[in-house]
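my_file13.csv follows (CSV, C-alpha atoms):
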chain,number,residue,atom,x,y,z
H,1,MET,CA,4.1,-10.9,-18.0
H,2,THR,CA,6.6,-13.4,-19.4
H,3,ALA,CA,8.0,-16.5,-17.6
H,4,ALA,CA,11.3,-14.8,-16.8
H,5,GLY,CA,11.9,-14.0,-13.1
H,6,PRO,CA,11.4,-10.5,-11.6
H,7,GLU,CA,15.1,-9.9,-11.4
H,8,VAL,CA,15.7,-10.5,-15.1
H,9,LEU,CA,12.6,-8.5,-16.0
H,10,ALA,CA,13.7,-5.6,-13.9
H,11,ALA,CA,17.1,-5.6,-15.5
H,12,GLU,CA,15.7,-5.8,-19.0
H,13,ALA,CA,13.2,-3.0,-18.3
H,14,PHE,CA,16.0,-0.9,-16.9
H,15,ARG,CA,18.0,-1.3,-20.1
H,16,ALA,CA,14.9,-0.4,-22.2
H,17,THR,CA,14.3,2.7,-20.0
H,18,HIS,CA,17.8,4.0,-19.5
H,19,GLY,CA,19.8,2.5,-22.4
H,20,ARG,CA,22.3,0.9,-20.2
H,21,ALA,CA,22.7,-2.0,-17.7
H,22,PRO,CA,21.8,-1.3,-14.1
H,23,ASP,CA,24.5,-1.2,-11.4
H,24,GLY,CA,22.7,-3.9,-9.5
H,25,VAL,CA,19.4,-5.7,-8.9
H,26,TRP,CA,17.8,-6.3,-5.5
H,27,SER,CA,14.6,-8.2,-4.7
H,28,ALA,CA,12.3,-8.9,-1.8
H,29,PRO,CA,9.4,-11.5,-1.4
H,30,GLY,CA,5.8,-11.3,-0.5
H,31,ARG,CA,4.7,-13.3,2.4
H,32,VAL,CA,2.1,-15.6,3.9
H,33,ASN,CA,1.3,-15.3,7.5
H,34,LEU,CA,0.8,-18.8,8.8
H,35,ILE,CA,-0.8,-17.6,12.0
H,36,GLY,CA,-0.7,-14.5,14.2
H,37,GLU,CA,-3.0,-11.9,12.6
H,38,HIS,CA,-3.4,-8.3,13.9
H,39,THR,CA,-1.0,-9.2,16.8
H,40,ASP,CA,2.0,-7.3,15.5
H,41,TYR,CA,0.8,-3.8,16.4
H,42,ASN,CA,-0.1,-5.2,19.8
H,43,ASP,CA,3.5,-6.2,20.6
H,44,GLY,CA,2.6,-9.8,20.1
H,45,PHE,CA,3.7,-12.9,18.2
H,46,VAL,CA,3.6,-13.7,14.5
H,47,LEU,CA,4.6,-16.7,12.3
H,48,PRO,CA,5.0,-15.7,8.6
H,49,PHE,CA,7.0,-17.3,5.8
H,50,ALA,CA,8.3,-15.7,2.6
H,51,LEU,CA,6.8,-16.7,-0.8
H,52,PRO,CA,8.8,-17.3,-3.9
H,53,HIS,CA,6.9,-14.4,-5.5
H,54,ARG,CA,9.1,-11.3,-5.5
H,55,ILE,CA,9.5,-7.6,-6.5
H,56,ALA,CA,12.8,-6.6,-7.9
H,57,ALA,CA,14.5,-3.2,-8.2
H,58,ALA,CA,17.1,-2.7,-10.8
H,59,GLY,CA,19.0,0.5,-10.2
H,60,SER,CA,22.0,2.7,-10.9
H,61,ALA,CA,23.3,5.5,-8.7
H,62,ARG,CA,23.1,9.2,-9.8
H,63,ALA,CA,25.4,12.0,-9.0
H,64,ASP,CA,22.6,14.2,-7.7
H,65,GLN,CA,19.8,13.7,-5.2
H,66,VAL,CA,17.0,12.9,-7.7
H,67,LEU,CA,15.1,9.7,-7.5
H,68,THR,CA,13.4,8.3,-10.7
H,69,VAL,CA,11.2,5.2,-10.4
H,70,SER,CA,9.6,3.2,-13.2
H,71,THR,CA,7.6,0.0,-13.0
H,72,LEU,CA,7.0,-2.8,-15.4
H,73,GLY,CA,3.3,-3.6,-15.5
H,74,SER,CA,1.6,-7.0,-16.0
H,75,ASP,CA,0.9,-5.8,-19.6
H,76,ASP,CA,4.7,-5.5,-20.2
H,77,ARG,CA,4.4,-1.7,-20.4
H,78,ILE,CA,6.7,0.6,-18.4
H,79,GLN,CA,5.1,3.3,-16.3
H,80,GLN,CA,7.2,6.1,-15.1
H,81,ALA,CA,6.6,8.2,-12.0
H,82,ASP,CA,7.5,11.9,-11.9
H,83,PRO,CA,11.1,12.3,-10.7
H,84,VAL,CA,11.5,13.6,-7.1
H,85,THR,CA,14.3,15.4,-5.3
H,86,ILE,CA,15.0,13.4,-2.1
H,87,PRO,CA,15.7,16.4,0.3
H,88,GLU,CA,12.3,17.9,-0.8
H,89,LEU,CA,10.3,14.8,0.0
H,90,ALA,CA,7.6,15.1,2.7
H,91,PRO,CA,4.6,13.0,3.8
H,92,GLY,CA,1.6,13.7,1.6
H,93,ALA,CA,3.7,15.0,-1.3
H,94,ASP,CA,3.2,11.8,-3.3
H,95,THR,CA,0.3,9.5,-3.8
H,96,GLY,CA,-0.4,6.3,-5.7
H,97,TRP,CA,2.1,3.5,-6.1
H,98,SER,CA,5.1,5.9,-6.3
H,99,ALA,CA,4.5,7.0,-2.7
H,100,TYR,CA,6.0,3.7,-1.5
H,101,PRO,CA,9.5,4.1,-3.1
H,102,ALA,CA,9.4,7.8,-2.3
H,103,GLY,CA,8.6,7.0,1.3
H,104,VAL,CA,11.5,4.7,1.6
H,105,ALA,CA,13.8,7.4,0.2
H,106,TRP,CA,12.4,9.8,2.7
H,107,VAL,CA,13.1,7.5,5.6
H,108,LEU,CA,16.6,6.7,4.4
H,109,ARG,CA,17.4,10.4,4.1
H,110,GLN,CA,16.9,10.6,7.9
H,111,HIS,CA,19.6,7.9,8.3
H,112,GLY,CA,22.1,9.7,6.2
H,113,VAL,CA,21.4,8.1,2.8
H,114,ASP,CA,20.2,10.6,0.3
H,115,ARG,CA,22.0,9.8,-2.9
H,116,GLY,CA,19.8,9.8,-6.0
H,117,ALA,CA,19.1,6.8,-8.1
H,118,ASP,CA,17.3,5.5,-11.2
H,119,LEU,CA,15.2,2.5,-10.3
H,120,VAL,CA,13.0,0.2,-12.4
H,121,LEU,CA,10.7,-2.3,-10.7
H,122,ALA,CA,9.2,-5.6,-11.8
H,123,GLY,CA,7.5,-8.3,-9.8
H,124,ASP,CA,5.1,-11.1,-9.6
H,125,VAL,CA,3.6,-10.6,-6.1
H,126,PRO,CA,-0.1,-10.3,-6.7
H,127,THR,CA,-1.3,-6.8,-5.7
H,128,GLY,CA,-4.3,-6.4,-3.4
H,129,ALA,CA,-4.1,-10.1,-2.5
H,130,GLY,CA,-3.0,-9.6,1.2
H,131,LEU,CA,0.4,-11.1,0.4
H,132,SER,CA,2.4,-7.9,1.2
H,133,SER,CA,3.3,-6.6,-2.3
H,134,SER,CA,3.8,-3.2,-0.7
H,135,ALA,CA,6.3,-4.5,1.8
H,136,ALA,CA,8.1,-6.4,-0.9
H,137,LEU,CA,8.4,-3.2,-2.9
H,138,GLU,CA,9.6,-1.2,0.1
H,139,CYS,CA,12.2,-3.7,1.1
H,140,ALA,CA,13.5,-4.1,-2.5
H,141,VAL,CA,13.8,-0.3,-2.9
H,142,ALA,CA,15.5,0.1,0.5
H,143,LEU,CA,18.1,-2.5,-0.3
H,144,ALA,CA,18.7,-1.0,-3.7
H,145,LEU,CA,19.1,2.6,-2.4
H,146,LEU,CA,21.3,1.4,0.4
H,147,GLY,CA,23.4,-0.7,-2.0
H,148,LEU,CA,23.8,2.0,-4.6
H,149,ALA,CA,24.9,4.5,-1.9
H,150,GLY,CA,27.6,2.1,-0.7
H,151,HIS,CA,25.8,0.7,2.3
H,152,GLU,CA,25.3,-3.0,1.3
H,153,ASP,CA,24.5,-5.3,4.2
H,154,PRO,CA,26.1,-8.6,3.1
H,155,ASP,CA,25.6,-10.5,6.4
H,156,GLY,CA,22.1,-9.3,7.0
H,157,ALA,CA,22.9,-8.0,10.4
H,158,ARG,CA,20.7,-4.9,9.9
H,159,ARG,CA,17.7,-6.6,8.3
H,160,ALA,CA,15.4,-6.1,11.2
H,161,GLU,CA,16.4,-2.5,11.5
H,162,ILE,CA,15.8,-1.9,7.8
H,163,ALA,CA,12.4,-3.6,8.1
H,164,ARG,CA,11.4,-1.0,10.7
H,165,TRP,CA,12.6,1.8,8.5
H,166,THR,CA,10.4,0.6,5.7
H,167,GLN,CA,7.5,0.2,8.1
H,168,ARG,CA,7.9,3.9,9.0
H,169,ALA,CA,7.8,4.7,5.2
H,170,GLU,CA,4.4,3.0,5.0
H,171,ASN,CA,3.0,4.4,8.3
H,172,GLU,CA,4.3,8.0,8.2
H,173,PHE,CA,4.8,8.8,4.5
H,174,VAL,CA,2.1,6.7,2.8
H,175,GLY,CA,-0.2,6.9,5.7
H,176,VAL,CA,-1.1,3.2,6.2
H,177,PRO,CA,-1.0,2.2,9.9
H,178,THR,CA,0.4,-1.4,9.4
H,179,GLY,CA,2.5,-3.3,11.9
H,180,VAL,CA,6.0,-4.5,11.2
H,181,LEU,CA,5.1,-8.1,10.4
H,182,ASP,CA,5.1,-7.7,6.6
H,183,GLN,CA,8.4,-5.9,6.3
H,184,THR,CA,10.2,-8.2,8.8
H,185,ALA,CA,9.0,-11.3,6.9
H,186,SER,CA,10.2,-9.9,3.6
H,187,MET,CA,13.6,-8.9,5.0
H,188,CYS,CA,14.3,-11.8,7.5
H,189,CYS,CA,12.7,-15.0,6.4
H,190,VAL,CA,14.8,-17.9,5.1
H,191,ARG,CA,14.1,-20.8,2.8
H,192,GLY,CA,12.3,-23.8,4.4
H,193,HIS,CA,11.4,-22.0,7.6
H,194,ALA,CA,8.7,-19.9,9.2
H,195,LEU,CA,9.8,-16.9,11.1
H,196,PHE,CA,8.7,-16.9,14.8
H,197,LEU,CA,8.9,-13.2,15.7
H,198,ASP,CA,8.3,-11.6,19.1
H,199,VAL,CA,7.4,-8.1,18.0
H,200,ARG,CA,8.0,-6.5,21.3
H,201,SER,CA,11.6,-7.8,21.9
H,202,GLY,CA,12.5,-8.2,18.3
H,203,ASP,CA,13.7,-11.7,19.1
H,204,ALA,CA,13.3,-13.9,16.0
H,205,GLU,CA,13.6,-17.7,15.5
H,206,GLN,CA,13.7,-19.6,12.3
H,207,VAL,CA,11.4,-22.6,12.8
H,208,PRO,CA,11.7,-25.5,10.2
H,209,PHE,CA,8.6,-25.7,8.1
H,210,ASP,CA,8.9,-28.3,5.3
H,211,ALA,CA,5.3,-29.1,4.5
H,212,ALA,CA,6.2,-31.1,1.4
H,213,ALA,CA,8.4,-33.5,3.4
H,214,ALA,CA,5.3,-34.2,5.6
H,215,GLY,CA,3.1,-34.8,2.5
H,216,LEU,CA,1.4,-31.5,3.0
H,217,SER,CA,0.9,-28.2,1.2
H,218,VAL,CA,-0.1,-24.7,2.2
H,219,LEU,CA,-2.6,-23.8,-0.5
H,220,VAL,CA,-2.8,-20.1,-1.0
H,221,ILE,CA,-6.2,-18.9,-2.3
H,222,ASP,CA,-6.2,-15.4,-3.7
H,223,THR,CA,-9.9,-14.6,-3.7
H,224,ARG,CA,-9.3,-11.6,-6.0
H,225,ALA,CA,-11.4,-9.6,-3.6
H,226,LYS,CA,-9.1,-6.6,-3.6
H,227,HIS,CA,-8.2,-5.1,-0.2
H,228,ALA,CA,-6.4,-1.9,0.7
H,229,HIS,CA,-5.4,-1.1,4.3
H,230,SER,CA,-5.7,2.6,3.8
H,231,GLU,CA,-9.3,2.2,2.6
H,232,SER,CA,-10.5,-0.4,5.1
H,233,GLY,CA,-11.3,-0.7,8.8
H,234,TYR,CA,-7.8,-1.7,9.6
H,235,GLY,CA,-7.0,1.6,11.3
H,236,ASP,CA,-10.2,1.4,13.3
H,237,ARG,CA,-9.2,-2.0,14.7
H,238,ARG,CA,-5.8,-0.8,15.6
H,239,ARG,CA,-7.2,2.2,17.4
H,240,GLY,CA,-9.6,0.0,19.2
H,241,THR,CA,-6.9,-2.2,20.6
H,242,GLU,CA,-4.8,0.8,21.6
H,243,GLN,CA,-7.8,2.2,23.4
H,244,ALA,CA,-8.3,-1.1,25.2
H,245,ALA,CA,-4.7,-1.3,26.3
H,246,ASP,CA,-5.0,2.3,27.7
H,247,LEU,CA,-8.2,1.4,29.6
H,248,LEU,CA,-6.5,-1.8,31.0
H,249,GLY,CA,-3.4,0.2,32.0
H,250,VAL,CA,-1.0,-1.9,30.0
H,251,LYS,CA,1.5,-1.0,27.3
H,252,ALA,CA,-0.1,-3.3,24.7
H,253,LEU,CA,-2.5,-6.2,24.6
H,254,ARG,CA,0.5,-8.5,24.6
H,255,ASP,CA,0.5,-7.9,28.4
H,256,ILE,CA,-2.9,-9.6,28.8
H,257,GLY,CA,-2.5,-13.4,28.9
H,258,PRO,CA,-5.2,-16.0,28.6
H,259,GLU,CA,-5.4,-16.1,32.4
H,260,GLY,CA,-6.2,-12.4,32.5
H,261,LEU,CA,-8.7,-12.4,29.7
H,262,ALA,CA,-11.9,-12.8,31.8
H,263,ALA,CA,-11.0,-9.9,34.1
H,264,ALA,CA,-10.1,-7.7,31.2
H,265,GLN,CA,-13.4,-8.4,29.5
H,266,HIS,CA,-15.2,-7.4,32.6
H,267,THR,CA,-13.4,-4.1,32.7
H,268,LEU,CA,-13.9,-3.1,29.1
H,269,PRO,CA,-16.9,-1.6,27.3
H,270,GLU,CA,-18.6,-4.1,25.0
H,271,PRO,CA,-17.3,-2.9,21.6
H,272,LEU,CA,-13.7,-3.5,22.7
H,273,ARG,CA,-14.2,-6.9,24.2
H,274,PRO,CA,-14.1,-9.0,21.0
H,275,LEU,CA,-11.0,-7.2,19.8
H,276,VAL,CA,-9.1,-8.0,22.9
H,277,ARG,CA,-10.4,-11.6,22.9
H,278,HIS,CA,-9.0,-12.1,19.4
H,279,VAL,CA,-5.5,-10.7,20.2
H,280,VAL,CA,-5.1,-12.6,23.4
H,281,THR,CA,-6.2,-15.9,22.0
H,282,GLU,CA,-4.3,-15.4,18.7
H,283,ASN,CA,-1.1,-14.9,20.6
H,284,ARG,CA,-1.7,-18.2,22.3
H,285,ARG,CA,-2.4,-19.9,19.0
H,286,VAL,CA,1.0,-18.7,17.6
H,287,LEU,CA,2.8,-20.1,20.6
H,288,ASP,CA,1.0,-23.4,20.3
H,289,ALA,CA,1.7,-23.6,16.6
H,290,VAL,CA,5.4,-23.0,17.1
H,291,GLU,CA,5.6,-25.8,19.6
H,292,LEU,CA,3.8,-28.2,17.2
H,293,LEU,CA,6.1,-27.3,14.3
H,294,LYS,CA,9.2,-27.8,16.5
H,295,ALA,CA,7.9,-31.2,17.4
H,296,GLY,CA,7.4,-32.1,13.7
H,297,GLN,CA,3.6,-32.2,14.1
H,298,LEU,CA,2.8,-30.1,11.1
H,299,ALA,CA,-0.7,-31.5,10.5
H,300,GLU,CA,-1.7,-30.8,14.0
H,301,ILE,CA,-1.7,-27.0,13.5
H,302,GLY,CA,-4.9,-27.3,11.4
H,303,PRO,CA,-7.3,-26.7,14.2
H,304,LEU,CA,-5.3,-23.6,15.2
H,305,LEU,CA,-5.7,-22.2,11.7
H,306,ASP,CA,-9.5,-22.9,11.9
H,307,ALA,CA,-9.8,-21.2,15.3
H,308,SER,CA,-7.8,-18.2,14.0
H,309,HIS,CA,-10.1,-17.7,11.1
H,310,ASP,CA,-13.2,-18.0,13.3
H,311,SER,CA,-11.8,-15.4,15.6
H,312,LEU,CA,-10.9,-13.0,12.8
H,313,ARG,CA,-14.4,-13.5,11.3
H,314,ASP,CA,-16.5,-13.2,14.5
H,315,ASP,CA,-14.4,-11.2,17.0
H,316,TYR,CA,-12.2,-9.0,14.9
H,317,GLN,CA,-14.7,-8.8,12.0
H,318,VAL,CA,-12.1,-8.4,9.2
H,319,SER,CA,-13.2,-11.3,7.0
H,320,CYS,CA,-15.6,-11.0,4.0
H,321,LEU,CA,-17.8,-13.2,1.8
H,322,GLU,CA,-15.1,-14.4,-0.5
H,323,LEU,CA,-12.7,-15.2,2.4
H,324,ASP,CA,-15.3,-17.1,4.3
H,325,LEU,CA,-16.4,-19.0,1.2
H,326,ALA,CA,-12.8,-20.0,0.4
H,327,VAL,CA,-12.2,-21.2,4.0
H,328,ASP,CA,-15.5,-23.1,4.2
H,329,ALA,CA,-15.1,-24.7,0.8
H,330,ALA,CA,-11.6,-25.9,1.7
H,331,ARG,CA,-12.6,-27.2,5.1
H,332,GLN,CA,-15.6,-29.1,3.7
H,333,ALA,CA,-13.4,-30.6,0.9
H,334,GLY,CA,-10.9,-32.1,3.5
H,335,ALA,CA,-8.4,-29.4,4.4
H,336,LEU,CA,-6.8,-29.9,7.8
H,337,GLY,CA,-7.3,-26.3,8.6
H,338,ALA,CA,-7.9,-23.0,6.8
H,339,ARG,CA,-8.0,-19.3,7.5
H,340,MET,CA,-7.8,-15.9,6.0
H,341,THR,CA,-4.3,-14.4,6.0
H,342,GLY,CA,-3.2,-10.8,6.0
H,343,GLY,CA,-5.1,-7.7,7.2
H,344,GLY,CA,-8.5,-8.9,5.9
H,345,PHE,CA,-11.4,-7.2,4.1
H,346,GLY,CA,-10.4,-9.2,1.0
H,347,GLY,CA,-7.2,-10.7,-0.2
H,348,SER,CA,-6.2,-14.3,0.4
H,349,ALA,CA,-6.9,-17.4,2.5
H,350,ILE,CA,-4.6,-20.3,3.2
H,351,ALA,CA,-5.5,-24.0,3.7
H,352,LEU,CA,-3.2,-26.7,5.1
H,353,VAL,CA,-4.0,-29.7,2.9
H,354,ARG,CA,-2.6,-33.2,2.3
H,355,GLU,CA,-0.9,-33.1,-1.0
H,356,ALA,CA,-2.9,-36.1,-2.2
H,357,ASP,CA,-6.1,-34.0,-1.6
H,358,ARG,CA,-4.9,-30.7,-3.0
H,359,GLU,CA,-6.4,-31.0,-6.5
H,360,GLY,CA,-9.8,-32.0,-5.2
H,361,ILE,CA,-9.8,-29.1,-2.7
H,362,GLU,CA,-8.8,-26.7,-5.4
H,363,ALA,CA,-11.7,-28.0,-7.6
H,364,ALA,CA,-14.1,-27.7,-4.7
H,365,VAL,CA,-13.1,-24.0,-4.1
H,366,HIS,CA,-13.4,-23.2,-7.8
H,367,THR,CA,-16.9,-24.8,-7.8
H,368,ARG,CA,-18.1,-22.9,-4.8
H,369,PHE,CA,-16.9,-19.5,-6.3
H,370,GLU,CA,-18.6,-20.3,-9.6
H,371,GLN,CA,-21.8,-21.3,-7.9
H,372,ALA,CA,-21.8,-18.0,-6.0
H,373,GLY,CA,-21.2,-16.0,-9.2
H,374,LEU,CA,-17.8,-14.8,-8.1
H,375,ARG,CA,-14.7,-14.4,-10.2
H,376,ALA,CA,-12.5,-17.5,-10.2
H,377,PRO,CA,-9.9,-17.4,-7.4
H,378,ARG,CA,-6.1,-17.8,-8.1
H,379,MET,CA,-4.5,-20.7,-6.2
H,380,PHE,CA,-0.9,-21.8,-5.8
H,381,VAL,CA,1.2,-23.7,-3.2
H,382,GLY,CA,3.0,-21.4,-0.8
H,383,VAL,CA,6.6,-22.6,-0.4
H,384,PRO,CA,8.7,-21.1,2.3
H,385,SER,CA,11.3,-19.1,0.4
H,386,ALA,CA,14.3,-16.8,0.9
H,387,GLY,CA,14.0,-13.3,2.1
H,388,ALA,CA,15.3,-10.1,0.5
H,389,GLY,CA,18.7,-9.7,-1.0
H,390,ARG,CA,20.8,-8.8,-4.0
H,391,ALA,CA,20.4,-10.9,-7.1
Show me this structure written as structure tokens.
Amino acid sequence: MTAAGPEVLAAEAFRATHGRAPDGVWSAPGRVNLIGEHTDYNDGFVLPFALPHRIAAAGSARADQVLTVSTLGSDDRIQQADPVTIPELAPGADTGWSAYPAGVAWVLRQHGVDRGADLVLAGDVPTGAGLSSSAALECAVALALLGLAGHEDPDGARRAEIARWTQRAENEFVGVPTGVLDQTASMCCVRGHALFLDVRSGDAEQVPFDAAAAGLSVLVIDTRAKHAHSESGYGDRRRGTEQAADLLGVKALRDIGPEGLAAAQHTLPEPLRPLVRHVVTENRRVLDAVELLKAGQLAEIGPLLDASHDSLRDDYQVSCLELDLAVDAARQAGALGARMTGGGFGGSAIALVREADREGIEAAVHTRFEQAGLRAPRMFVGVPSAGAGRA
């Protein structure tokens, strides 16, 4: 794909596809979750930030209720999905990448938005990298369909609500049982901050996170080990935590604090104990990380990142060879802390590094992957960026 941004590419692809300029362009970012993994669907705490990588939706309204969606691939070729009639959409009726925009249209219809549209998508969020390309797509499409139907949200007051709508699209239409972390991050993050979200209450706080000013970088390591929630053990882990909550007589594992962990472990069958241990300790790590960031002690969150990965690897068992290799290589080369990010079973890791050490750590990770006979990872600095909006 060329060096132009996703918004420009989407607009140009729209002109090439439809022979006219779009009525508007909307875009939404991918995300990195700094810490707080697999806690969102347990009513817990998360701390993501938005990436500069985005997916854009250029669109024009139609007079009917037909939705057409095309996407510009990395090979600069435009792929067109079959047109769908919005009132006829139903879960399971669409598969593949086009199920995501169709699912968003299906949810919006239930909220009184069913005007047809022509959409063309373009983006640079790596797919299968655990950086929430699907959530970025859903949020960009939601804002486009809402805007084209005359329901623009200029002050962002409904962003959290729209995020939950797009989560429903992914859960109920596409059939992927994700929590609301990814969509909320894409919709609600702001530049230069991490988003501290209490999933149960919906309370959100923008926590300043300027790693560069502290001489640090968040190195994102895309291992290129593809993951897909719908094809992984993600659903098994979610069902396990829900079963544990039922057995403990609580609404969600959020209700078990560190002080109650030992008693909970004694009550549960062995297979559920490590799942609960991870969720309880991970919630505590998020709270500790937020306090450190507020105190300006960015480097001190490194051990929390390490502990998070170890828990995800050993207790939740959602890591893999490539993620462990990336984390171990970064730690041994001097990272302050490193962990997998996202749902796991592949995707990306992050490492908090001193900027002066970054190139050496990147080289060390490359070397370890080469020695293991693995495909070279893709690495970049994750910079906290703006959330979704109209271009």
### Query
Skipping near chain neighbours, those fewer than 4 positions away, what residues fall within 12 Å of H:Val365 using only C-alpha atoms, listed as an NGL selection string?
:H and (219-223 or 322-335 or 349-351 or 358-361 or 369-372 or 374-379)
Within 8 Å of stretch 240-250 of chain H using all atoms listed in the file, minus same-chain residues under 5 positions, as a PDB file with C-alpha atoms, in the coordinates of the input:
ATOM      1  CA  ASN H  42      -0.100  -5.200  19.800  1.00  0.00           C
ATOM      2  CA  ASP H 255       0.500  -7.900  28.400  1.00  0.00           C
ATOM      3  CA  ALA H 264     -10.100  -7.700  31.200  1.00  0.00           C
ATOM      4  CA  THR H 267     -13.400  -4.100  32.700  1.00  0.00           C
ATOM      5  CA  LEU H 268     -13.900  -3.100  29.100  1.00  0.00           C
ATOM      6  CA  LEU H 272     -13.700  -3.500  22.700  1.00  0.00           C
ATOM      7  CA  LEU H 275     -11.000  -7.200  19.800  1.00  0.00           C
ATOM      8  CA  VAL H 276      -9.100  -8.000  22.900  1.00  0.00           C
TER       9      VAL H 276
END
### Spatial neighbours of stretch 81-95 of chain H, max dist 12 Å, all atoms listed in the file, sep filter under 2 positions, as a PyMOL selection string
chain H and resi 62+64-72+78-79+97-110+112-121+145+168-176+230
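Nearest residue to H:Gly24, choosing from H:Leu352, H:Ala252, H:Ala63, H:Val141 and counting all atoms listed in the file: H:Val141.
Comparing the minimum interatomic distances between H:Leu195 and each of H:Leu131, H:Val286, H:Ala58, H:Ala28, counting all atoms listed in the file, we find that H:Val286 sits nearest.
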Mind running stretch 204-247 of chain H against stretch 293-301 of chain H at 8 Å and telling me each contacting residue's nearest atom pair with the distance in Å (one decimal), counting all atoms listed in the file, chain and number ascending, as a tab-separated table?
residue	atom	partner	partner_atom	distance
H:Val207	CA	H:Lys294	CA	6.8
H:Pro208	CA	H:Lys294	CA	7.2
H:Phe209	CA	H:Leu293	CA	6.9
H:Ala211	CA	H:Leu298	CA	7.1
H:Ala214	CA	H:Leu298	CA	7.3
H:Leu216	CA	H:Ala299	CA	7.8
### Task
Excluding H:Val32 and residues on its chain fewer than 2 positions from it, collect all residues at most 7 Å away from it, counting all atoms listed in the file, and give them as a PyMOL selection string.
chain H and resi 34+48-51+131+341
### Query
atom CA of H:Ala338 to atom CA of H:Gly302: how many Å, to one decimal?
7.0 Å
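Residues in contact with H:Ala122 at up to 7 Å, not including ones fewer than 5 positions away on its chain and judged by all atoms listed in the file, are Pro6, Leu9, Ala10, Ile55, Ala56, Ala57, Thr71 and Leu72 of chain H.
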Could you give me stretch 82-87 of chain H completed to all heavy atoms, formatted as a tab-separated table (two decimals), in the coordinates of the input?
chain	number	residue	atom	x	y	z
H	82	ASP	N	6.81	10.59	-11.77
H	82	ASP	CA	7.50	11.90	-11.90
H	82	ASP	C	8.78	11.82	-11.01
H	82	ASP	O	8.73	11.32	-9.87
H	82	ASP	CB	6.63	13.01	-11.40
H	82	ASP	CG	5.44	13.25	-12.33
H	82	ASP	OD1	5.56	12.92	-13.53
H	82	ASP	OD2	4.42	13.77	-11.85
H	83	PRO	N	9.91	12.30	-11.50
H	83	PRO	CA	11.10	12.30	-10.70
H	83	PRO	C	10.89	13.19	-9.43
H	83	PRO	O	10.11	14.14	-9.44
H	83	PRO	CB	12.17	12.99	-11.59
H	83	PRO	CG	11.63	12.81	-12.98
H	83	PRO	CD	10.14	12.85	-12.85
H	84	VAL	N	11.57	12.82	-8.33
H	84	VAL	CA	11.50	13.60	-7.10
H	84	VAL	C	12.88	13.91	-6.61
H	84	VAL	O	13.83	13.17	-6.87
H	84	VAL	CB	10.70	12.82	-6.00
H	84	VAL	CG1	9.26	12.60	-6.42
H	84	VAL	CG2	11.37	11.48	-5.68
H	85	THR	N	13.00	15.02	-5.89
H	85	THR	CA	14.30	15.40	-5.30
H	85	THR	C	14.21	14.96	-3.81
H	85	THR	O	13.34	15.41	-3.06
H	85	THR	CB	14.50	16.90	-5.38
H	85	THR	OG1	14.47	17.27	-6.76
H	85	THR	CG2	15.85	17.29	-4.77
H	86	ILE	N	15.11	14.08	-3.42
H	86	ILE	CA	15.00	13.40	-2.10
H	86	ILE	C	14.94	14.41	-0.95
H	86	ILE	O	14.09	14.26	-0.06
H	86	ILE	CB	16.16	12.41	-1.95
H	86	ILE	CG1	15.96	11.25	-2.95
H	86	ILE	CG2	16.22	11.87	-0.52
H	86	ILE	CD1	17.10	10.26	-3.01
H	87	PRO	N	15.77	15.46	-0.88
H	87	PRO	CA	15.70	16.40	0.30
H	87	PRO	C	14.34	17.13	0.34
H	87	PRO	O	14.01	17.68	1.39
H	87	PRO	CB	16.83	17.36	0.03
H	87	PRO	CG	17.80	16.61	-0.81
H	87	PRO	CD	16.95	15.76	-1.71
